[in-house]
>>> print(open('upload.cif').read())   # mmCIF, C-alpha atoms, pLDDT in the B column; chains and numbers go by the auth columns
data_structure
#
loop_
_atom_site.group_PDB
_atom_site.id
_atom_site.type_symbol
_atom_site.label_atom_id
_atom_site.label_comp_id
_atom_site.label_asym_id
_atom_site.label_seq_id
_atom_site.Cartn_x
_atom_site.Cartn_y
_atom_site.Cartn_z
_atom_site.B_iso_or_equiv
_atom_site.auth_seq_id
_atom_site.auth_asym_id
ATOM 1 C CA MET A 1 77.992 65.292 100.289 65.00 262 R
ATOM 2 C CA ARG A 2 79.877 66.751 97.363 74.00 263 R
ATOM 3 C CA LYS A 3 83.572 65.960 96.982 71.00 264 R
ATOM 4 C CA SER A 4 84.533 69.532 97.862 75.00 265 R
ATOM 5 C CA TYR A 5 83.135 68.886 101.374 78.00 266 R
ATOM 6 C CA ARG A 6 85.365 65.843 101.988 83.00 267 R
ATOM 7 C CA VAL A 7 88.797 65.361 103.500 85.00 268 R
ATOM 8 C CA LYS A 8 90.159 62.862 101.008 83.00 269 R
ATOM 9 C CA SER A 9 93.887 62.168 101.121 86.00 270 R
ATOM 10 C CA GLU A 10 95.868 60.371 103.813 89.00 271 R
ATOM 11 C CA ALA A 11 98.061 63.475 104.220 90.00 272 R
ATOM 12 C CA GLU A 12 94.992 65.637 104.936 88.00 273 R
ATOM 13 C CA PHE A 13 93.717 63.089 107.478 88.00 274 R
ATOM 14 C CA GLN A 14 97.107 63.006 109.213 91.00 275 R
ATOM 15 C CA LYS A 15 97.301 66.806 109.332 90.00 276 R
ATOM 16 C CA VAL A 16 93.929 66.977 111.108 89.00 277 R
ATOM 17 C CA PHE A 17 94.954 64.178 113.513 89.00 278 R
ATOM 18 C CA LYS A 18 98.300 65.775 114.402 92.00 279 R
ATOM 19 C CA GLN A 19 97.405 69.473 114.469 91.00 280 R
ATOM 20 C CA GLY A 20 93.733 69.343 115.441 89.00 281 R
ATOM 21 C CA LYS A 21 91.964 68.948 118.764 93.00 282 R
ATOM 22 C CA SER A 22 89.889 65.912 119.686 93.00 283 R
ATOM 23 C CA TYR A 23 86.485 65.643 121.315 94.00 284 R
ATOM 24 C CA ALA A 24 84.605 62.451 122.115 93.00 285 R
ATOM 25 C CA ASN A 25 81.515 60.804 123.503 92.00 286 R
ATOM 26 C CA ARG A 26 80.657 57.095 123.682 93.00 287 R
ATOM 27 C CA GLN A 27 79.773 56.739 119.993 93.00 288 R
ATOM 28 C CA PHE A 28 82.083 59.161 118.159 94.00 289 R
ATOM 29 C CA VAL A 29 85.498 60.804 118.288 94.00 290 R
ATOM 30 C CA LEU A 30 85.847 64.127 116.501 94.00 291 R
ATOM 31 C CA TYR A 31 89.136 65.714 115.425 94.00 292 R
ATOM 32 C CA VAL A 32 88.879 69.398 114.470 93.00 293 R
ATOM 33 C CA LEU A 33 91.401 71.606 112.683 91.00 294 R
ATOM 34 C CA GLU A 34 90.555 75.303 112.334 90.00 295 R
ATOM 35 C CA LYS A 35 91.302 76.749 108.867 86.00 296 R
ATOM 36 C CA PRO A 36 90.548 80.492 108.818 85.00 297 R
ATOM 37 C CA GLY A 37 89.533 81.745 105.413 81.00 298 R
ATOM 38 C CA GLN A 38 88.215 78.406 104.167 82.00 299 R
ATOM 39 C CA LEU A 39 84.920 78.793 102.292 85.00 300 R
ATOM 40 C CA HIS A 40 83.197 75.732 103.752 86.00 301 R
ATOM 41 C CA PHE A 41 83.881 72.899 106.152 88.00 302 R
ATOM 42 C CA ARG A 42 85.355 69.581 105.022 90.00 303 R
ATOM 43 C CA VAL A 43 84.687 66.283 106.733 92.00 304 R
ATOM 44 C CA GLY A 44 86.326 62.877 106.777 92.00 305 R
ATOM 45 C CA ILE A 45 84.547 59.788 108.099 93.00 306 R
ATOM 46 C CA SER A 46 86.337 56.764 109.497 92.00 307 R
ATOM 47 C CA VAL A 47 84.581 53.555 110.513 93.00 308 R
ATOM 48 C CA GLY A 48 86.872 50.740 111.629 92.00 309 R
ATOM 49 C CA LYS A 49 86.529 46.989 111.281 94.00 310 R
ATOM 50 C CA LYS A 50 85.505 46.641 114.922 93.00 311 R
ATOM 51 C CA ILE A 51 82.107 47.999 113.854 92.00 312 R
ATOM 52 C CA GLY A 52 81.425 44.912 111.743 90.00 313 R
ATOM 53 C CA ASN A 53 81.518 43.784 108.145 93.00 314 R
ATOM 54 C CA ALA A 54 81.475 46.121 105.134 94.00 315 R
ATOM 55 C CA VAL A 55 77.675 46.300 105.143 94.00 316 R
ATOM 56 C CA ALA A 56 77.571 47.424 108.781 92.00 317 R
ATOM 57 C CA ARG A 57 80.376 49.967 108.259 93.00 318 R
ATOM 58 C CA ASN A 58 78.688 51.493 105.212 94.00 319 R
ATOM 59 C CA TRP A 59 75.397 51.591 107.113 94.00 320 R
ATOM 60 C CA VAL A 60 77.052 53.687 109.865 93.00 321 R
ATOM 61 C CA LYS A 61 78.803 55.952 107.326 93.00 322 R
ATOM 62 C CA ARG A 62 75.530 56.650 105.501 93.00 323 R
ATOM 63 C CA ARG A 63 73.856 57.695 108.749 94.00 324 R
ATOM 64 C CA ILE A 64 76.765 59.977 109.692 93.00 325 R
ATOM 65 C CA ARG A 65 76.760 61.569 106.217 92.00 326 R
ATOM 66 C CA GLN A 66 72.986 62.086 106.296 93.00 327 R
ATOM 67 C CA SER A 67 73.155 63.669 109.768 92.00 328 R
ATOM 68 C CA LEU A 68 75.897 66.055 108.646 90.00 329 R
ATOM 69 C CA THR A 69 73.916 66.957 105.521 90.00 330 R
ATOM 70 C CA GLU A 70 70.924 67.862 107.687 91.00 331 R
ATOM 71 C CA LEU A 71 73.123 69.900 110.056 89.00 332 R
ATOM 72 C CA LYS A 72 75.117 71.594 107.264 88.00 333 R
ATOM 73 C CA PRO A 73 73.564 75.092 107.591 88.00 334 R
ATOM 74 C CA GLU A 74 74.319 75.139 111.332 89.00 335 R
ATOM 75 C CA LEU A 75 77.980 74.035 111.147 88.00 336 R
ATOM 76 C CA LYS A 76 80.992 76.367 111.285 87.00 337 R
ATOM 77 C CA GLN A 77 82.464 76.697 107.819 86.00 338 R
ATOM 78 C CA ASP A 78 86.155 77.441 108.479 87.00 339 R
ATOM 79 C CA CYS A 79 87.401 74.038 109.643 90.00 340 R
ATOM 80 C CA ASP A 80 88.229 70.486 108.676 90.00 341 R
ATOM 81 C CA PHE A 81 87.000 67.694 110.908 91.00 342 R
ATOM 82 C CA ILE A 82 87.118 63.930 111.049 93.00 343 R
ATOM 83 C CA VAL A 83 84.393 61.778 112.567 94.00 344 R
ATOM 84 C CA ILE A 84 85.524 58.389 113.867 94.00 345 R
ATOM 85 C CA ALA A 85 82.791 55.925 114.768 94.00 346 R
ATOM 86 C CA ARG A 86 83.337 53.801 117.857 93.00 347 R
ATOM 87 C CA PRO A 87 81.971 50.239 118.105 93.00 348 R
ATOM 88 C CA ALA A 88 79.039 51.546 120.177 90.00 349 R
ATOM 89 C CA ALA A 89 77.773 53.346 117.041 90.00 350 R
ATOM 90 C CA ALA A 90 76.935 50.060 115.301 90.00 351 R
ATOM 91 C CA GLY A 91 73.238 49.351 114.999 87.00 352 R
ATOM 92 C CA LEU A 92 72.008 52.745 116.221 90.00 353 R
ATOM 93 C CA SER A 93 68.949 54.303 114.635 91.00 354 R
ATOM 94 C CA MET A 94 69.233 57.432 112.515 93.00 355 R
ATOM 95 C CA LYS A 95 67.709 59.541 115.304 94.00 356 R
ATOM 96 C CA VAL A 96 70.224 58.308 117.908 93.00 357 R
ATOM 97 C CA VAL A 97 73.183 58.734 115.528 93.00 358 R
ATOM 98 C CA LYS A 98 72.155 62.337 114.826 93.00 359 R
ATOM 99 C CA LYS A 99 71.627 63.051 118.532 94.00 360 R
ATOM 100 C CA ASN A 100 75.070 61.701 119.491 94.00 361 R
ATOM 101 C CA LEU A 101 76.771 63.422 116.578 93.00 362 R
ATOM 102 C CA LEU A 102 75.095 66.695 117.552 93.00 363 R
ATOM 103 C CA HIS A 103 76.370 66.206 121.121 93.00 364 R
ATOM 104 C CA VAL A 104 79.995 65.794 120.049 93.00 365 R
ATOM 105 C CA LEU A 105 79.691 68.726 117.600 92.00 366 R
ATOM 106 C CA HIS A 106 78.470 70.907 120.482 92.00 367 R
ATOM 107 C CA LEU A 107 81.418 69.753 122.619 92.00 368 R
ATOM 108 C CA ALA A 108 83.755 70.850 119.810 90.00 369 R
ATOM 109 C CA ARG A 109 81.874 74.155 119.434 90.00 370 R
ATOM 110 C CA LEU A 110 81.266 73.554 115.742 87.00 371 R
ATOM 111 C CA MET A 111 77.635 74.582 115.805 84.00 372 R
ATOM 112 C CA VAL A 112 76.827 78.176 114.859 80.00 373 R
ATOM 113 C CA CYS A 113 74.519 79.798 117.390 68.00 374 R
ATOM 114 C CA GLN A 114 71.080 80.703 116.062 51.00 375 R
ATOM 115 C CA SER A 115 71.478 84.340 117.191 40.00 376 R
ATOM 116 C CA SER A 116 74.753 84.847 115.302 43.00 377 R
ATOM 117 C CA ARG A 117 73.262 83.423 112.082 42.00 378 R
ATOM 118 C CA ALA A 118 70.462 86.011 112.159 41.00 379 R
ATOM 119 C CA GLU A 119 72.917 88.916 112.115 39.00 380 R
#
>>> encode(input="upload.cif", output="structure tokens")
Amino acid sequence: MRKSYRVKSEAEFQKVFKQGKSYANRQFVLYVLEKPGQLHFRVGISVGKKIGNAVARNWVKRRIRQSLTELKPELKQDCDFIVIARPAAAGLSMKVVKKNLLHVLHLARLMVCQSSRAE
């Protein structure tokens, strides 16, 4: 993902945590902050040390980033969100990561319906 699609600073992360709403399943927690008028979504990814060593954490982050890249056309554009990986996300295949991420995105209503995209 390009840098313009990332939540980067600690202040931006804290703003999403404090003002946004949270949604969760067993593998991921998602914090969402609506930002009307924003041109495209921005995402922050957090993978804690409970996941494992640096190799394992980067492995999970790569799978989350790849899943979001594949889902990019279907995501709402006017929000910032943060994906936090829970320890259960360690060692999951790409297909399972994408499925669980899609589930939590649907809970947060961040997916654009196919019918509204056609209009």
>>> atom_distance(input="upload.cif", atom1="atom CA of R:Val290", atom2="atom CA of R:Val365")
7.6 Å
>>> atom_distance(input="upload.cif", atom1="atom CA of R:Leu300", atom2="atom CA of R:Ala346")
26.1 Å
>>> resolve_selection(input="upload.cif", expression="the PyMOL selection byres ((chain R and resi 366) around 12)", output="PDB file with C-alpha atoms, in the coordinates of the input")
ATOM      1  CA  SER R 283      89.889  65.912 119.686  1.00 93.00           C
ATOM      2  CA  TYR R 284      86.485  65.643 121.315  1.00 94.00           C
ATOM      3  CA  ALA R 285      84.605  62.451 122.115  1.00 93.00           C
ATOM      4  CA  ASN R 286      81.515  60.804 123.503  1.00 92.00           C
ATOM      5  CA  PHE R 289      82.083  59.161 118.159  1.00 94.00           C
ATOM      6  CA  VAL R 290      85.498  60.804 118.288  1.00 94.00           C
ATOM      7  CA  LEU R 291      85.847  64.127 116.501  1.00 94.00           C
ATOM      8  CA  TYR R 292      89.136  65.714 115.425  1.00 94.00           C
ATOM      9  CA  VAL R 293      88.879  69.398 114.470  1.00 93.00           C
ATOM     10  CA  SER R 328      73.155  63.669 109.768  1.00 92.00           C
ATOM     11  CA  LEU R 329      75.897  66.055 108.646  1.00 90.00           C
ATOM     12  CA  LEU R 332      73.123  69.900 110.056  1.00 89.00           C
ATOM     13  CA  LYS R 333      75.117  71.594 107.264  1.00 88.00           C
ATOM     14  CA  GLU R 335      74.319  75.139 111.332  1.00 89.00           C
ATOM     15  CA  LEU R 336      77.980  74.035 111.147  1.00 88.00           C
ATOM     16  CA  LYS R 337      80.992  76.367 111.285  1.00 87.00           C
ATOM     17  CA  PHE R 342      87.000  67.694 110.908  1.00 91.00           C
ATOM     18  CA  ILE R 343      87.118  63.930 111.049  1.00 93.00           C
ATOM     19  CA  VAL R 344      84.393  61.778 112.567  1.00 94.00           C
ATOM     20  CA  LYS R 359      72.155  62.337 114.826  1.00 93.00           C
ATOM     21  CA  LYS R 360      71.627  63.051 118.532  1.00 94.00           C
ATOM     22  CA  ASN R 361      75.070  61.701 119.491  1.00 94.00           C
ATOM     23  CA  LEU R 362      76.771  63.422 116.578  1.00 93.00           C
ATOM     24  CA  LEU R 363      75.095  66.695 117.552  1.00 93.00           C
ATOM     25  CA  HIS R 364      76.370  66.206 121.121  1.00 93.00           C
ATOM     26  CA  VAL R 365      79.995  65.794 120.049  1.00 93.00           C
ATOM     27  CA  HIS R 367      78.470  70.907 120.482  1.00 92.00           C
ATOM     28  CA  LEU R 368      81.418  69.753 122.619  1.00 92.00           C
ATOM     29  CA  ALA R 369      83.755  70.850 119.810  1.00 90.00           C
ATOM     30  CA  ARG R 370      81.874  74.155 119.434  1.00 90.00           C
ATOM     31  CA  LEU R 371      81.266  73.554 115.742  1.00 87.00           C
ATOM     32  CA  MET R 372      77.635  74.582 115.805  1.00 84.00           C
ATOM     33  CA  VAL R 373      76.827  78.176 114.859  1.00 80.00           C
TER      34      VAL R 373
END
>>> closest_residue(input="upload.cif", among="R:Gln280, R:Gln327, R:Lys322, R:Lys356", to="R:Glu295", atoms="only C-alpha atoms")
R:Gln280
>>> resolve_selection(input="upload.cif", expression="the PyMOL selection byres ((chain R and resi 341) around 6)", output="list in words")
Val293, Leu294, Phe302, Arg303, Val304, Cys340 and Phe342 of chain R
>>> atom_distance(input="upload.cif", atom1="atom CA of R:Gly313", atom2="atom CA of R:Val268")
23.2 Å
>>> closest_residue(input="upload.cif", among="R:Ile306, R:Ala349, R:Ala317, R:Met355", to="R:Phe274", atoms="all atoms listed in the file")
R:Ile306
>>> closest_residue(input="upload.cif", among="R:Ala272, R:Ala350, R:Ile325, R:Val357", to="R:Ile312", atoms="all atoms listed in the file")
R:Ala350
>>> decode(input="upload.cif", residues="stretch 274-288 of chain R", atoms="N, CA and C atoms", output="PDB file, in the first residue's frame")
ATOM      1  N   PHE R 274      -3.090   7.471  15.310  1.00  0.00           N
ATOM      2  CA  PHE R 274      -3.542   6.217  15.894  1.00  0.00           C
ATOM      3  C   PHE R 274      -4.420   6.496  17.110  1.00  0.00           C
ATOM      4  N   GLN R 275      -3.967   7.379  17.993  1.00  0.00           N
ATOM      5  CA  GLN R 275      -4.709   7.676  19.214  1.00  0.00           C
ATOM      6  C   GLN R 275      -6.067   8.314  18.915  1.00  0.00           C
ATOM      7  N   LYS R 276      -6.124   9.149  17.900  1.00  0.00           N
ATOM      8  CA  LYS R 276      -7.390   9.777  17.513  1.00  0.00           C
ATOM      9  C   LYS R 276      -8.402   8.717  17.077  1.00  0.00           C
ATOM     10  N   VAL R 277      -7.954   7.743  16.296  1.00  0.00           N
ATOM     11  CA  VAL R 277      -8.846   6.669  15.848  1.00  0.00           C
ATOM     12  C   VAL R 277      -9.274   5.822  17.044  1.00  0.00           C
ATOM     13  N   PHE R 278      -8.344   5.508  17.955  1.00  0.00           N
ATOM     14  CA  PHE R 278      -8.676   4.717  19.139  1.00  0.00           C
ATOM     15  C   PHE R 278      -9.714   5.425  20.011  1.00  0.00           C
ATOM     16  N   LYS R 279      -9.523   6.722  20.246  1.00  0.00           N
ATOM     17  CA  LYS R 279     -10.374   7.452  21.182  1.00  0.00           C
ATOM     18  C   LYS R 279     -11.714   7.860  20.587  1.00  0.00           C
ATOM     19  N   GLN R 280     -11.735   8.255  19.320  1.00  0.00           N
ATOM     20  CA  GLN R 280     -12.961   8.769  18.723  1.00  0.00           C
ATOM     21  C   GLN R 280     -13.702   7.748  17.868  1.00  0.00           C
ATOM     22  N   GLY R 281     -13.020   6.668  17.500  1.00  0.00           N
ATOM     23  CA  GLY R 281     -13.628   5.684  16.605  1.00  0.00           C
ATOM     24  C   GLY R 281     -14.406   4.615  17.342  1.00  0.00           C
ATOM     25  N   LYS R 282     -15.059   3.769  16.580  1.00  0.00           N
ATOM     26  CA  LYS R 282     -15.806   2.632  17.121  1.00  0.00           C
ATOM     27  C   LYS R 282     -15.010   1.365  16.873  1.00  0.00           C
ATOM     28  N   SER R 283     -15.192   0.373  17.738  1.00  0.00           N
ATOM     29  CA  SER R 283     -14.432  -0.870  17.583  1.00  0.00           C
ATOM     30  C   SER R 283     -15.353  -2.035  17.227  1.00  0.00           C
ATOM     31  N   TYR R 284     -14.796  -2.945  16.467  1.00  0.00           N
ATOM     32  CA  TYR R 284     -15.480  -4.163  16.043  1.00  0.00           C
ATOM     33  C   TYR R 284     -14.443  -5.277  16.149  1.00  0.00           C
ATOM     34  N   ALA R 285     -14.889  -6.488  16.468  1.00  0.00           N
ATOM     35  CA  ALA R 285     -13.906  -7.555  16.665  1.00  0.00           C
ATOM     36  C   ALA R 285     -14.471  -8.921  16.314  1.00  0.00           C
ATOM     37  N   ASN R 286     -13.559  -9.818  15.982  1.00  0.00           N
ATOM     38  CA  ASN R 286     -13.833 -11.247  15.925  1.00  0.00           C
ATOM     39  C   ASN R 286     -12.652 -11.928  16.630  1.00  0.00           C
ATOM     40  N   ARG R 287     -12.489 -13.205  16.488  1.00  0.00           N
ATOM     41  CA  ARG R 287     -11.439 -13.904  17.243  1.00  0.00           C
ATOM     42  C   ARG R 287     -10.025 -13.567  16.788  1.00  0.00           C
ATOM     43  N   GLN R 288      -9.846 -13.163  15.541  1.00  0.00           N
ATOM     44  CA  GLN R 288      -8.514 -12.911  15.012  1.00  0.00           C
ATOM     45  C   GLN R 288      -8.134 -11.433  14.963  1.00  0.00           C
TER      46      GLN R 288
END
